[in-house]
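Data block for coords39.pdb (PDB, C-alpha atoms, pLDDT in the B column):
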```pdb
ATOM      1  CA  MET A   1       5.644   2.899 -19.284  1.00 41.00           C
ATOM      2  CA  SER A   2       4.145   4.148 -16.023  1.00 46.00           C
ATOM      3  CA  ASN A   3       1.415   2.553 -13.937  1.00 61.00           C
ATOM      4  CA  LYS A   4      -0.327   5.892 -13.403  1.00 74.00           C
ATOM      5  CA  ILE A   5      -3.891   6.014 -14.652  1.00 82.00           C
ATOM      6  CA  ASN A   6      -4.492   8.954 -16.980  1.00 89.00           C
ATOM      7  CA  ILE A   7      -8.257   8.780 -16.519  1.00 92.00           C
ATOM      8  CA  GLU A   8      -9.769  11.258 -14.066  1.00 92.00           C
ATOM      9  CA  PRO A   9     -13.417  10.600 -13.194  1.00 93.00           C
ATOM     10  CA  LEU A  10     -15.638  13.681 -13.202  1.00 92.00           C
ATOM     11  CA  GLY A  11     -18.093  14.561 -10.460  1.00 90.00           C
ATOM     12  CA  ALA A  12     -18.830  11.987  -7.780  1.00 91.00           C
ATOM     13  CA  ARG A  13     -17.536   9.035  -9.825  1.00 94.00           C
ATOM     14  CA  VAL A  14     -14.858   6.423  -9.183  1.00 95.00           C
ATOM     15  CA  LEU A  15     -12.721   4.302 -11.496  1.00 96.00           C
ATOM     16  CA  VAL A  16     -12.534   0.685 -10.298  1.00 97.00           C
ATOM     17  CA  LEU A  17     -10.278  -2.146 -11.469  1.00 95.00           C
ATOM     18  CA  PRO A  18     -12.456  -5.266 -11.042  1.00 93.00           C
ATOM     19  CA  ILE A  19     -10.874  -8.281  -9.362  1.00 87.00           C
ATOM     20  CA  GLU A  20     -11.536 -11.266 -11.593  1.00 73.00           C
ATOM     21  CA  GLY A  21     -13.102 -14.381 -10.124  1.00 60.00           C
ATOM     22  CA  GLU A  22     -11.926 -17.943 -10.382  1.00 51.00           C
ATOM     23  CA  SER A  23     -11.512 -19.513 -13.829  1.00 53.00           C
ATOM     24  CA  GLN A  24     -12.236 -22.917 -12.340  1.00 53.00           C
ATOM     25  CA  SER A  25     -15.342 -24.211 -10.569  1.00 52.00           C
ATOM     26  CA  PRO A  26     -15.086 -25.675  -7.041  1.00 64.00           C
ATOM     27  CA  GLY A  27     -15.293 -29.126  -8.663  1.00 68.00           C
ATOM     28  CA  GLY A  28     -12.265 -28.441 -10.875  1.00 64.00           C
ATOM     29  CA  VAL A  29     -14.090 -27.728 -14.175  1.00 66.00           C
ATOM     30  CA  LEU A  30     -12.485 -24.933 -16.235  1.00 62.00           C
ATOM     31  CA  LEU A  31     -14.974 -22.157 -16.922  1.00 58.00           C
ATOM     32  CA  PRO A  32     -15.143 -20.326 -20.276  1.00 58.00           C
ATOM     33  CA  GLU A  33     -15.310 -16.508 -20.179  1.00 53.00           C
ATOM     34  CA  THR A  34     -19.053 -16.575 -20.910  1.00 56.00           C
ATOM     35  CA  ALA A  35     -19.797 -18.762 -17.868  1.00 50.00           C
ATOM     36  CA  LYS A  36     -17.854 -16.678 -15.348  1.00 52.00           C
ATOM     37  CA  GLU A  37     -19.788 -14.437 -13.009  1.00 58.00           C
ATOM     38  CA  LYS A  38     -19.186 -10.726 -13.321  1.00 65.00           C
ATOM     39  CA  PRO A  39     -16.787  -9.421 -10.667  1.00 64.00           C
ATOM     40  CA  GLN A  40     -18.411  -7.731  -7.701  1.00 90.00           C
ATOM     41  CA  GLN A  41     -15.300  -6.404  -6.045  1.00 93.00           C
ATOM     42  CA  GLY A  42     -12.391  -4.327  -7.155  1.00 95.00           C
ATOM     43  CA  THR A  43      -9.813  -1.713  -6.286  1.00 96.00           C
ATOM     44  CA  ILE A  44     -10.371   2.038  -6.552  1.00 96.00           C
ATOM     45  CA  GLU A  45      -7.877   3.409  -9.090  1.00 96.00           C
ATOM     46  CA  ALA A  46      -9.075   7.035  -9.357  1.00 95.00           C
ATOM     47  CA  ILE A  47     -11.674   9.283  -7.720  1.00 94.00           C
ATOM     48  CA  GLY A  48     -13.488  12.324  -9.076  1.00 90.00           C
ATOM     49  CA  ASN A  49     -12.745  15.668  -7.509  1.00 85.00           C
ATOM     50  CA  SER A  50     -16.224  16.882  -6.605  1.00 76.00           C
ATOM     51  CA  GLU A  51     -17.870  18.711  -3.739  1.00 80.00           C
ATOM     52  CA  ASP A  52     -20.775  16.269  -4.191  1.00 73.00           C
ATOM     53  CA  ARG A  53     -18.748  13.356  -2.777  1.00 77.00           C
ATOM     54  CA  THR A  54     -20.581  11.582   0.015  1.00 76.00           C
ATOM     55  CA  THR A  55     -17.989   9.012   1.141  1.00 81.00           C
ATOM     56  CA  ASP A  56     -14.357   8.957   2.213  1.00 88.00           C
ATOM     57  CA  LEU A  57     -13.207   6.433  -0.398  1.00 93.00           C
ATOM     58  CA  LYS A  58      -9.519   6.572  -1.305  1.00 93.00           C
ATOM     59  CA  VAL A  59      -7.395   5.280  -4.165  1.00 94.00           C
ATOM     60  CA  GLY A  60      -6.333   1.737  -3.276  1.00 96.00           C
ATOM     61  CA  ASP A  61      -9.492   0.873  -1.301  1.00 96.00           C
ATOM     62  CA  ARG A  62     -10.911  -2.572  -2.057  1.00 96.00           C
ATOM     63  CA  VAL A  63     -14.687  -2.263  -2.542  1.00 96.00           C
ATOM     64  CA  LEU A  64     -17.864  -4.236  -3.255  1.00 95.00           C
ATOM     65  CA  PHE A  65     -20.353  -3.133  -5.922  1.00 95.00           C
ATOM     66  CA  PRO A  66     -23.519  -4.508  -7.604  1.00 93.00           C
ATOM     67  CA  LYS A  67     -23.057  -7.083 -10.353  1.00 89.00           C
ATOM     68  CA  TYR A  68     -24.142  -5.007 -13.372  1.00 89.00           C
ATOM     69  CA  THR A  69     -23.123  -1.481 -12.427  1.00 92.00           C
ATOM     70  CA  GLY A  70     -20.820   1.013 -14.091  1.00 94.00           C
ATOM     71  CA  THR A  71     -19.522   1.557 -17.596  1.00 96.00           C
ATOM     72  CA  GLU A  72     -16.713  -0.673 -18.875  1.00 95.00           C
ATOM     73  CA  ILE A  73     -13.642   1.178 -20.113  1.00 94.00           C
ATOM     74  CA  LYS A  74     -10.685  -0.561 -21.744  1.00 94.00           C
ATOM     75  CA  TYR A  75      -7.420   1.279 -21.160  1.00 93.00           C
ATOM     76  CA  GLN A  76      -3.851   0.051 -21.687  1.00 91.00           C
ATOM     77  CA  GLY A  77      -4.938  -3.590 -21.901  1.00 92.00           C
ATOM     78  CA  LYS A  78      -7.053  -3.561 -18.722  1.00 93.00           C
ATOM     79  CA  THR A  79     -10.816  -3.304 -18.267  1.00 94.00           C
ATOM     80  CA  TYR A  80     -12.010  -0.767 -15.699  1.00 96.00           C
ATOM     81  CA  LEU A  81     -15.455   0.206 -14.447  1.00 96.00           C
ATOM     82  CA  LEU A  82     -16.436   3.854 -14.197  1.00 97.00           C
ATOM     83  CA  MET A  83     -19.300   4.153 -11.720  1.00 96.00           C
ATOM     84  CA  ASN A  84     -21.061   6.613  -9.491  1.00 94.00           C
ATOM     85  CA  GLU A  85     -19.571   6.780  -6.021  1.00 93.00           C
ATOM     86  CA  GLU A  86     -22.991   5.929  -4.574  1.00 92.00           C
ATOM     87  CA  ASP A  87     -22.924   2.567  -6.426  1.00 94.00           C
ATOM     88  CA  VAL A  88     -20.114   1.365  -4.151  1.00 95.00           C
ATOM     89  CA  LEU A  89     -21.792  -0.822  -1.517  1.00 94.00           C
ATOM     90  CA  ALA A  90     -18.956  -1.380   0.971  1.00 94.00           C
ATOM     91  CA  ARG A  91     -15.242  -1.145   1.611  1.00 95.00           C
ATOM     92  CA  ILE A  92     -13.375  -4.385   2.393  1.00 93.00           C
ATOM     93  CA  LYS A  93     -11.029  -3.919   5.352  1.00 89.00           C
TER      94      LYS A  93
END
```
What would the structure in this file look like if it were written as structure tokens?
Amino acid sequence: MSNKINIEPLGARVLVLPIEGESQSPGGVLLPETAKEKPQQGTIEAIGNSEDRTTDLKVGDRVLFPKYTGTEIKYQGKTYLLMNEEDVLARIK
């Protein structure tokens, strides 16, 4: 089984693997799935091949994005977000 993603975004879209937040509050209380905040950062896993691209994002970049953006895609047991490249707010260096 390979780690290669077989999903290729079309146009100026990116495929992001969200980085999950803490499952415990700062006070030590375990949080159920429904109480967790949606992830707002992740890693770029694939990039569309489009002339409309406006940024120099690369696979492997860690990025910030708005809380409720993108379309969730479940693939090989992981949940990804497919979003427009312009929805990426910043790259984390």
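For the pair atom CA of Lys78 of chain A and atom CA of Pro9 of chain A, the interatomic distance is 16.5 Å.
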Selected by the PyMOL selection byres ((chain A and resi 42) around 6) in the shown coordinates: which residues, as a PDB file with C-alpha atoms, keeping the file's coordinate frame?
```pdb
ATOM      1  CA  VAL A  16     -12.534   0.685 -10.298  1.00 97.00           C
ATOM      2  CA  LEU A  17     -10.278  -2.146 -11.469  1.00 95.00           C
ATOM      3  CA  PRO A  18     -12.456  -5.266 -11.042  1.00 93.00           C
ATOM      4  CA  ILE A  19     -10.874  -8.281  -9.362  1.00 87.00           C
ATOM      5  CA  GLN A  41     -15.300  -6.404  -6.045  1.00 93.00           C
ATOM      6  CA  THR A  43      -9.813  -1.713  -6.286  1.00 96.00           C
ATOM      7  CA  ARG A  62     -10.911  -2.572  -2.057  1.00 96.00           C
ATOM      8  CA  VAL A  63     -14.687  -2.263  -2.542  1.00 96.00           C
TER       9      VAL A  63
END
```
Practice item. Using all atoms listed in the file, determine which residues lie at most 10 Å from Leu82 of chain A, disregarding the query and same-chain residues fewer than 4 positions distant; provide the list as a count of residues only. Key: 18
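Coordinates place atom CA of Ala12 of chain A at a distance of 5.5 Å from atom CA of Gly48 of chain A.
Selection check: the PyMOL selection byres ((chain A and resi 65) around 6) on the shown file gives A:Gln40, A:Leu64, A:Pro66, A:Val88, A:Leu89.
We find atom CA of Arg53 of chain A and atom CA of Gly77 of chain A to be spaced 29.0 Å apart.
Using all atoms listed in the file, the shortest contact distance between Asp56 of chain A and any of A:Ala90, A:Tyr68, A:Thr79, A:Lys4 is found at A:Ala90.
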